[in-house]
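Novice: Before anything else, here's the structure in question.
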Amino acid sequence: MSPAQTAVTAVLTQKFEVSPESIRPEATLESLGLDSLALAELTLALQEELGVPVEEDEAAKHSTVGELVAALNAKRA
């Protein structure tokens, strides 16, 4: 598991109480129950956790967990 994937999983499970079984690469953030306010909180939490800027469009409602992790991995490279 990459550092970005670990961070996304940790933030979703701890801050938003998403079950770990639900966090699959094809799951959209909206399907995990995140609304627009939660998405803003998610971007801030990931920025703090990873130390890289996260744009709100990278964590949009229709973004998948896999797309978000890939974008974060690319920024960390």
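Here, A, B, ... name the chains of the structure tokens in the order displayed, residue numbers run from 1 inside each chain, and ligands are numbered from 1 in the same displayed order.
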Need to verify the contact set: Glu30 in chain A, 12 Å, only C-alpha atoms, exclusion of same-chain residues closer than 4 positions in sequence. Can you return it as an mmCIF file with all heavy atoms, in the first residue's frame?
Specialist:
```
data_model
loop_
_atom_site.group_PDB
_atom_site.id
_atom_site.type_symbol
_atom_site.label_atom_id
_atom_site.label_comp_id
_atom_site.auth_asym_id
_atom_site.auth_seq_id
_atom_site.Cartn_x
_atom_site.Cartn_y
_atom_site.Cartn_z
ATOM 1 N N VAL A 18 -15.848 5.773 7.638
ATOM 2 C CA VAL A 18 -16.138 4.902 6.506
ATOM 3 C C VAL A 18 -15.552 3.529 6.839
ATOM 4 O O VAL A 18 -14.429 3.435 7.336
ATOM 5 C CB VAL A 18 -15.518 5.456 5.207
ATOM 6 C CG1 VAL A 18 -15.700 4.494 4.051
ATOM 7 C CG2 VAL A 18 -16.104 6.817 4.879
ATOM 8 N N SER A 22 -15.365 -0.753 2.565
ATOM 9 C CA SER A 22 -15.995 0.080 1.528
ATOM 10 C C SER A 22 -14.981 0.844 0.687
ATOM 11 O O SER A 22 -15.306 1.323 -0.394
ATOM 12 C CB SER A 22 -16.934 1.096 2.177
ATOM 13 O OG SER A 22 -17.925 0.460 2.920
ATOM 14 N N ILE A 23 -13.764 0.968 1.200
ATOM 15 C CA ILE A 23 -12.756 1.797 0.524
ATOM 16 C C ILE A 23 -12.045 0.954 -0.535
ATOM 17 O O ILE A 23 -11.026 0.336 -0.293
ATOM 18 C CB ILE A 23 -11.766 2.386 1.548
ATOM 19 C CG1 ILE A 23 -12.533 3.182 2.604
ATOM 20 C CG2 ILE A 23 -10.748 3.283 0.840
ATOM 21 C CD1 ILE A 23 -11.693 3.634 3.763
ATOM 22 N N GLU A 26 -12.495 1.551 -6.961
ATOM 23 C CA GLU A 26 -13.580 1.984 -7.847
ATOM 24 C C GLU A 26 -14.692 2.740 -7.123
ATOM 25 O O GLU A 26 -15.590 3.289 -7.756
ATOM 26 C CB GLU A 26 -14.164 0.781 -8.599
ATOM 27 C CG GLU A 26 -14.919 -0.204 -7.728
ATOM 28 C CD GLU A 26 -14.047 -1.232 -7.001
ATOM 29 O OE1 GLU A 26 -12.809 -1.188 -7.086
ATOM 30 O OE2 GLU A 26 -14.626 -2.086 -6.338
ATOM 31 N N LEU A 34 -19.590 11.071 1.396
ATOM 32 C CA LEU A 34 -18.980 12.390 1.583
ATOM 33 C C LEU A 34 -19.736 13.446 0.790
ATOM 34 O O LEU A 34 -19.920 13.306 -0.422
ATOM 35 C CB LEU A 34 -17.507 12.374 1.147
ATOM 36 C CG LEU A 34 -16.521 11.841 2.190
ATOM 37 C CD1 LEU A 34 -16.730 10.358 2.414
ATOM 38 C CD2 LEU A 34 -15.113 12.126 1.795
ATOM 39 N N ASP A 35 -20.191 14.475 1.480
ATOM 40 C CA ASP A 35 -20.835 15.600 0.809
ATOM 41 C C ASP A 35 -19.780 16.673 0.526
ATOM 42 O O ASP A 35 -18.595 16.463 0.777
ATOM 43 C CB ASP A 35 -21.986 16.149 1.648
ATOM 44 C CG ASP A 35 -21.548 16.663 3.015
ATOM 45 O OD1 ASP A 35 -20.329 16.845 3.243
ATOM 46 O OD2 ASP A 35 -22.431 16.889 3.865
ATOM 47 N N SER A 36 -20.209 17.832 0.032
ATOM 48 C CA SER A 36 -19.236 18.857 -0.371
ATOM 49 C C SER A 36 -18.419 19.370 0.818
ATOM 50 O O SER A 36 -17.223 19.629 0.681
ATOM 51 C CB SER A 36 -19.925 20.013 -1.091
ATOM 52 O OG SER A 36 -20.932 20.571 -0.272
ATOM 53 N N LEU A 37 -19.022 19.501 1.974
ATOM 54 C CA LEU A 37 -18.279 19.943 3.152
ATOM 55 C C LEU A 37 -17.249 18.888 3.564
ATOM 56 O O LEU A 37 -16.104 19.206 3.874
ATOM 57 C CB LEU A 37 -19.232 20.233 4.314
ATOM 58 C CG LEU A 37 -18.578 20.671 5.626
ATOM 59 C CD1 LEU A 37 -17.752 21.934 5.424
ATOM 60 C CD2 LEU A 37 -19.622 20.881 6.694
ATOM 61 N N ALA A 38 -17.655 17.637 3.521
ATOM 62 C CA ALA A 38 -16.737 16.543 3.867
ATOM 63 C C ALA A 38 -15.581 16.478 2.875
ATOM 64 O O ALA A 38 -14.447 16.186 3.262
ATOM 65 C CB ALA A 38 -17.484 15.221 3.908
ATOM 66 N N LEU A 39 -15.844 16.761 1.605
ATOM 67 C CA LEU A 39 -14.779 16.748 0.607
ATOM 68 C C LEU A 39 -13.748 17.840 0.898
ATOM 69 O O LEU A 39 -12.544 17.617 0.753
ATOM 70 C CB LEU A 39 -15.354 16.910 -0.801
ATOM 71 C CG LEU A 39 -16.193 15.740 -1.293
ATOM 72 C CD1 LEU A 39 -16.871 16.091 -2.604
ATOM 73 C CD2 LEU A 39 -15.354 14.495 -1.435
ATOM 74 N N ALA A 59 -10.584 15.763 -5.404
ATOM 75 C CA ALA A 59 -11.412 15.038 -4.446
ATOM 76 C C ALA A 59 -12.870 15.443 -4.645
ATOM 77 O O ALA A 59 -13.571 15.795 -3.714
ATOM 78 C CB ALA A 59 -10.962 15.324 -3.021
ATOM 79 N N ALA A 60 -13.326 15.407 -5.897
ATOM 80 C CA ALA A 60 -14.712 15.752 -6.211
ATOM 81 C C ALA A 60 -15.624 14.566 -5.921
ATOM 82 O O ALA A 60 -15.162 13.432 -5.795
ATOM 83 C CB ALA A 60 -14.816 16.165 -7.677
ATOM 84 N N LYS A 61 -16.912 14.839 -5.827
ATOM 85 C CA LYS A 61 -17.894 13.800 -5.498
ATOM 86 C C LYS A 61 -17.774 12.557 -6.361
ATOM 87 O O LYS A 61 -17.937 11.447 -5.892
ATOM 88 C CB LYS A 61 -19.315 14.349 -5.648
ATOM 89 C CG LYS A 61 -19.794 15.169 -4.514
ATOM 90 C CD LYS A 61 -21.254 15.516 -4.739
ATOM 91 C CE LYS A 61 -21.785 16.343 -3.600
ATOM 92 N NZ LYS A 61 -23.200 16.619 -3.752
ATOM 93 N N HIS A 62 -17.523 12.760 -7.644
ATOM 94 C CA HIS A 62 -17.513 11.635 -8.580
ATOM 95 C C HIS A 62 -16.122 11.036 -8.769
ATOM 96 O O HIS A 62 -15.957 10.100 -9.538
ATOM 97 C CB HIS A 62 -18.129 12.054 -9.915
ATOM 98 C CG HIS A 62 -19.537 12.525 -9.760
ATOM 99 N ND1 HIS A 62 -20.561 11.692 -9.397
ATOM 100 C CD2 HIS A 62 -20.075 13.755 -9.860
ATOM 101 C CE1 HIS A 62 -21.689 12.390 -9.302
ATOM 102 N NE2 HIS A 62 -21.410 13.644 -9.578
ATOM 103 N N SER A 63 -15.147 11.577 -8.073
ATOM 104 C CA SER A 63 -13.808 10.988 -8.127
ATOM 105 C C SER A 63 -13.823 9.655 -7.404
ATOM 106 O O SER A 63 -14.511 9.487 -6.398
ATOM 107 C CB SER A 63 -12.791 11.904 -7.436
ATOM 108 O OG SER A 63 -12.679 13.128 -8.087
ATOM 109 N N THR A 64 -13.048 8.730 -7.913
ATOM 110 C CA THR A 64 -12.946 7.443 -7.227
ATOM 111 C C THR A 64 -11.761 7.483 -6.264
ATOM 112 O O THR A 64 -10.878 8.326 -6.378
ATOM 113 C CB THR A 64 -12.743 6.282 -8.217
ATOM 114 O OG1 THR A 64 -11.473 6.442 -8.855
ATOM 115 C CG2 THR A 64 -13.865 6.207 -9.244
ATOM 116 N N VAL A 65 -11.762 6.553 -5.347
ATOM 117 C CA VAL A 65 -10.652 6.431 -4.412
ATOM 118 C C VAL A 65 -9.364 6.190 -5.191
ATOM 119 O O VAL A 65 -8.327 6.793 -4.909
ATOM 120 C CB VAL A 65 -10.915 5.300 -3.393
ATOM 121 C CG1 VAL A 65 -9.689 5.015 -2.551
ATOM 122 C CG2 VAL A 65 -12.108 5.655 -2.511
#
```
Novice: Give me the residues near range 55-58 of chain A as a list in words, where near means some atom within 8 Å (using only C-alpha atoms) and where sequence neighbours in that chain fewer than 5 positions away do not count.
Specialist: Leu39, Ala40, Thr43, Ser63, Glu67, Leu68 and Ala71 of chain A
Novice: Pick out the closest residue to Leu72 in chain A from this set: A:Leu44, A:Leu12, A:Val54, A:Leu29. Count only C-alpha atoms.
Specialist: A:Val54
Novice: Using only C-alpha atoms, which protein or nucleic acid residues come within 10 Å of Val11 in chain A? Drop anything in the same chain fewer than 2 positions from it, and give the result as an MDAnalysis selection string.
Specialist: chainID A and resid 5:9 13:18 41:43 45:46 49
Novice: Restrict the selected residues to N, CA and C atoms and save them as an mmCIF file, in the first residue's frame.
Specialist:
```cif
data_model
loop_
_atom_site.group_PDB
_atom_site.id
_atom_site.type_symbol
_atom_site.label_atom_id
_atom_site.label_comp_id
_atom_site.auth_asym_id
_atom_site.auth_seq_id
_atom_site.Cartn_x
_atom_site.Cartn_y
_atom_site.Cartn_z
ATOM 1 N N GLN A 5 -2.237 5.937 -0.425
ATOM 2 C CA GLN A 5 -3.364 5.041 -0.178
ATOM 3 C C GLN A 5 -3.578 4.843 1.319
ATOM 4 N N THR A 6 -2.492 4.726 2.054
ATOM 5 C CA THR A 6 -2.575 4.589 3.506
ATOM 6 C C THR A 6 -3.221 5.829 4.116
ATOM 7 N N ALA A 7 -2.810 7.010 3.652
ATOM 8 C CA ALA A 7 -3.360 8.262 4.177
ATOM 9 C C ALA A 7 -4.842 8.403 3.857
ATOM 10 N N VAL A 8 -5.224 8.091 2.621
ATOM 11 C CA VAL A 8 -6.630 8.193 2.218
ATOM 12 C C VAL A 8 -7.471 7.243 3.067
ATOM 13 N N THR A 9 -7.012 6.015 3.213
ATOM 14 C CA THR A 9 -7.744 5.032 4.011
ATOM 15 C C THR A 9 -7.857 5.486 5.464
ATOM 16 N N THR A 13 -11.430 6.394 7.256
ATOM 17 C CA THR A 13 -11.931 5.548 8.344
ATOM 18 C C THR A 13 -11.989 6.298 9.669
ATOM 19 N N GLN A 14 -10.988 7.099 9.954
ATOM 20 C CA GLN A 14 -10.936 7.767 11.254
ATOM 21 C C GLN A 14 -11.793 9.027 11.315
ATOM 22 N N LYS A 15 -11.692 9.865 10.317
ATOM 23 C CA LYS A 15 -12.391 11.153 10.357
ATOM 24 C C LYS A 15 -13.843 11.048 9.892
ATOM 25 N N PHE A 16 -14.090 10.171 8.925
ATOM 26 C CA PHE A 16 -15.430 10.098 8.336
ATOM 27 C C PHE A 16 -16.148 8.782 8.643
ATOM 28 N N GLU A 17 -15.516 7.934 9.436
ATOM 29 C CA GLU A 17 -16.099 6.667 9.878
ATOM 30 C C GLU A 17 -16.597 5.787 8.728
ATOM 31 N N VAL A 18 -15.848 5.773 7.638
ATOM 32 C CA VAL A 18 -16.138 4.902 6.506
ATOM 33 C C VAL A 18 -15.552 3.529 6.839
ATOM 34 N N GLU A 41 -13.088 19.029 3.877
ATOM 35 C CA GLU A 41 -12.358 18.545 5.048
ATOM 36 C C GLU A 41 -11.352 17.465 4.657
ATOM 37 N N LEU A 42 -11.735 16.612 3.720
ATOM 38 C CA LEU A 42 -10.850 15.550 3.246
ATOM 39 C C LEU A 42 -9.601 16.137 2.605
ATOM 40 N N THR A 43 -9.765 17.146 1.749
ATOM 41 C CA THR A 43 -8.597 17.730 1.096
ATOM 42 C C THR A 43 -7.646 18.350 2.119
ATOM 43 N N ALA A 45 -7.323 17.509 5.328
ATOM 44 C CA ALA A 45 -6.714 16.434 6.111
ATOM 45 C C ALA A 45 -5.605 15.743 5.323
ATOM 46 N N LEU A 46 -5.822 15.517 4.035
ATOM 47 C CA LEU A 46 -4.800 14.861 3.210
ATOM 48 C C LEU A 46 -3.596 15.763 3.001
ATOM 49 N N GLU A 49 -1.663 15.472 6.178
ATOM 50 C CA GLU A 49 -1.095 14.127 6.339
ATOM 51 C C GLU A 49 0.091 13.891 5.402
#
```
Novice: Would you work out the distance separating CA of Gly33 in chain A from CA of Ala74 in chain A, expressed in Å to one decimal?
Specialist: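 Separation between CA of Gly33 in chain A and CA of Ala74 in chain A: 25.5 Å.
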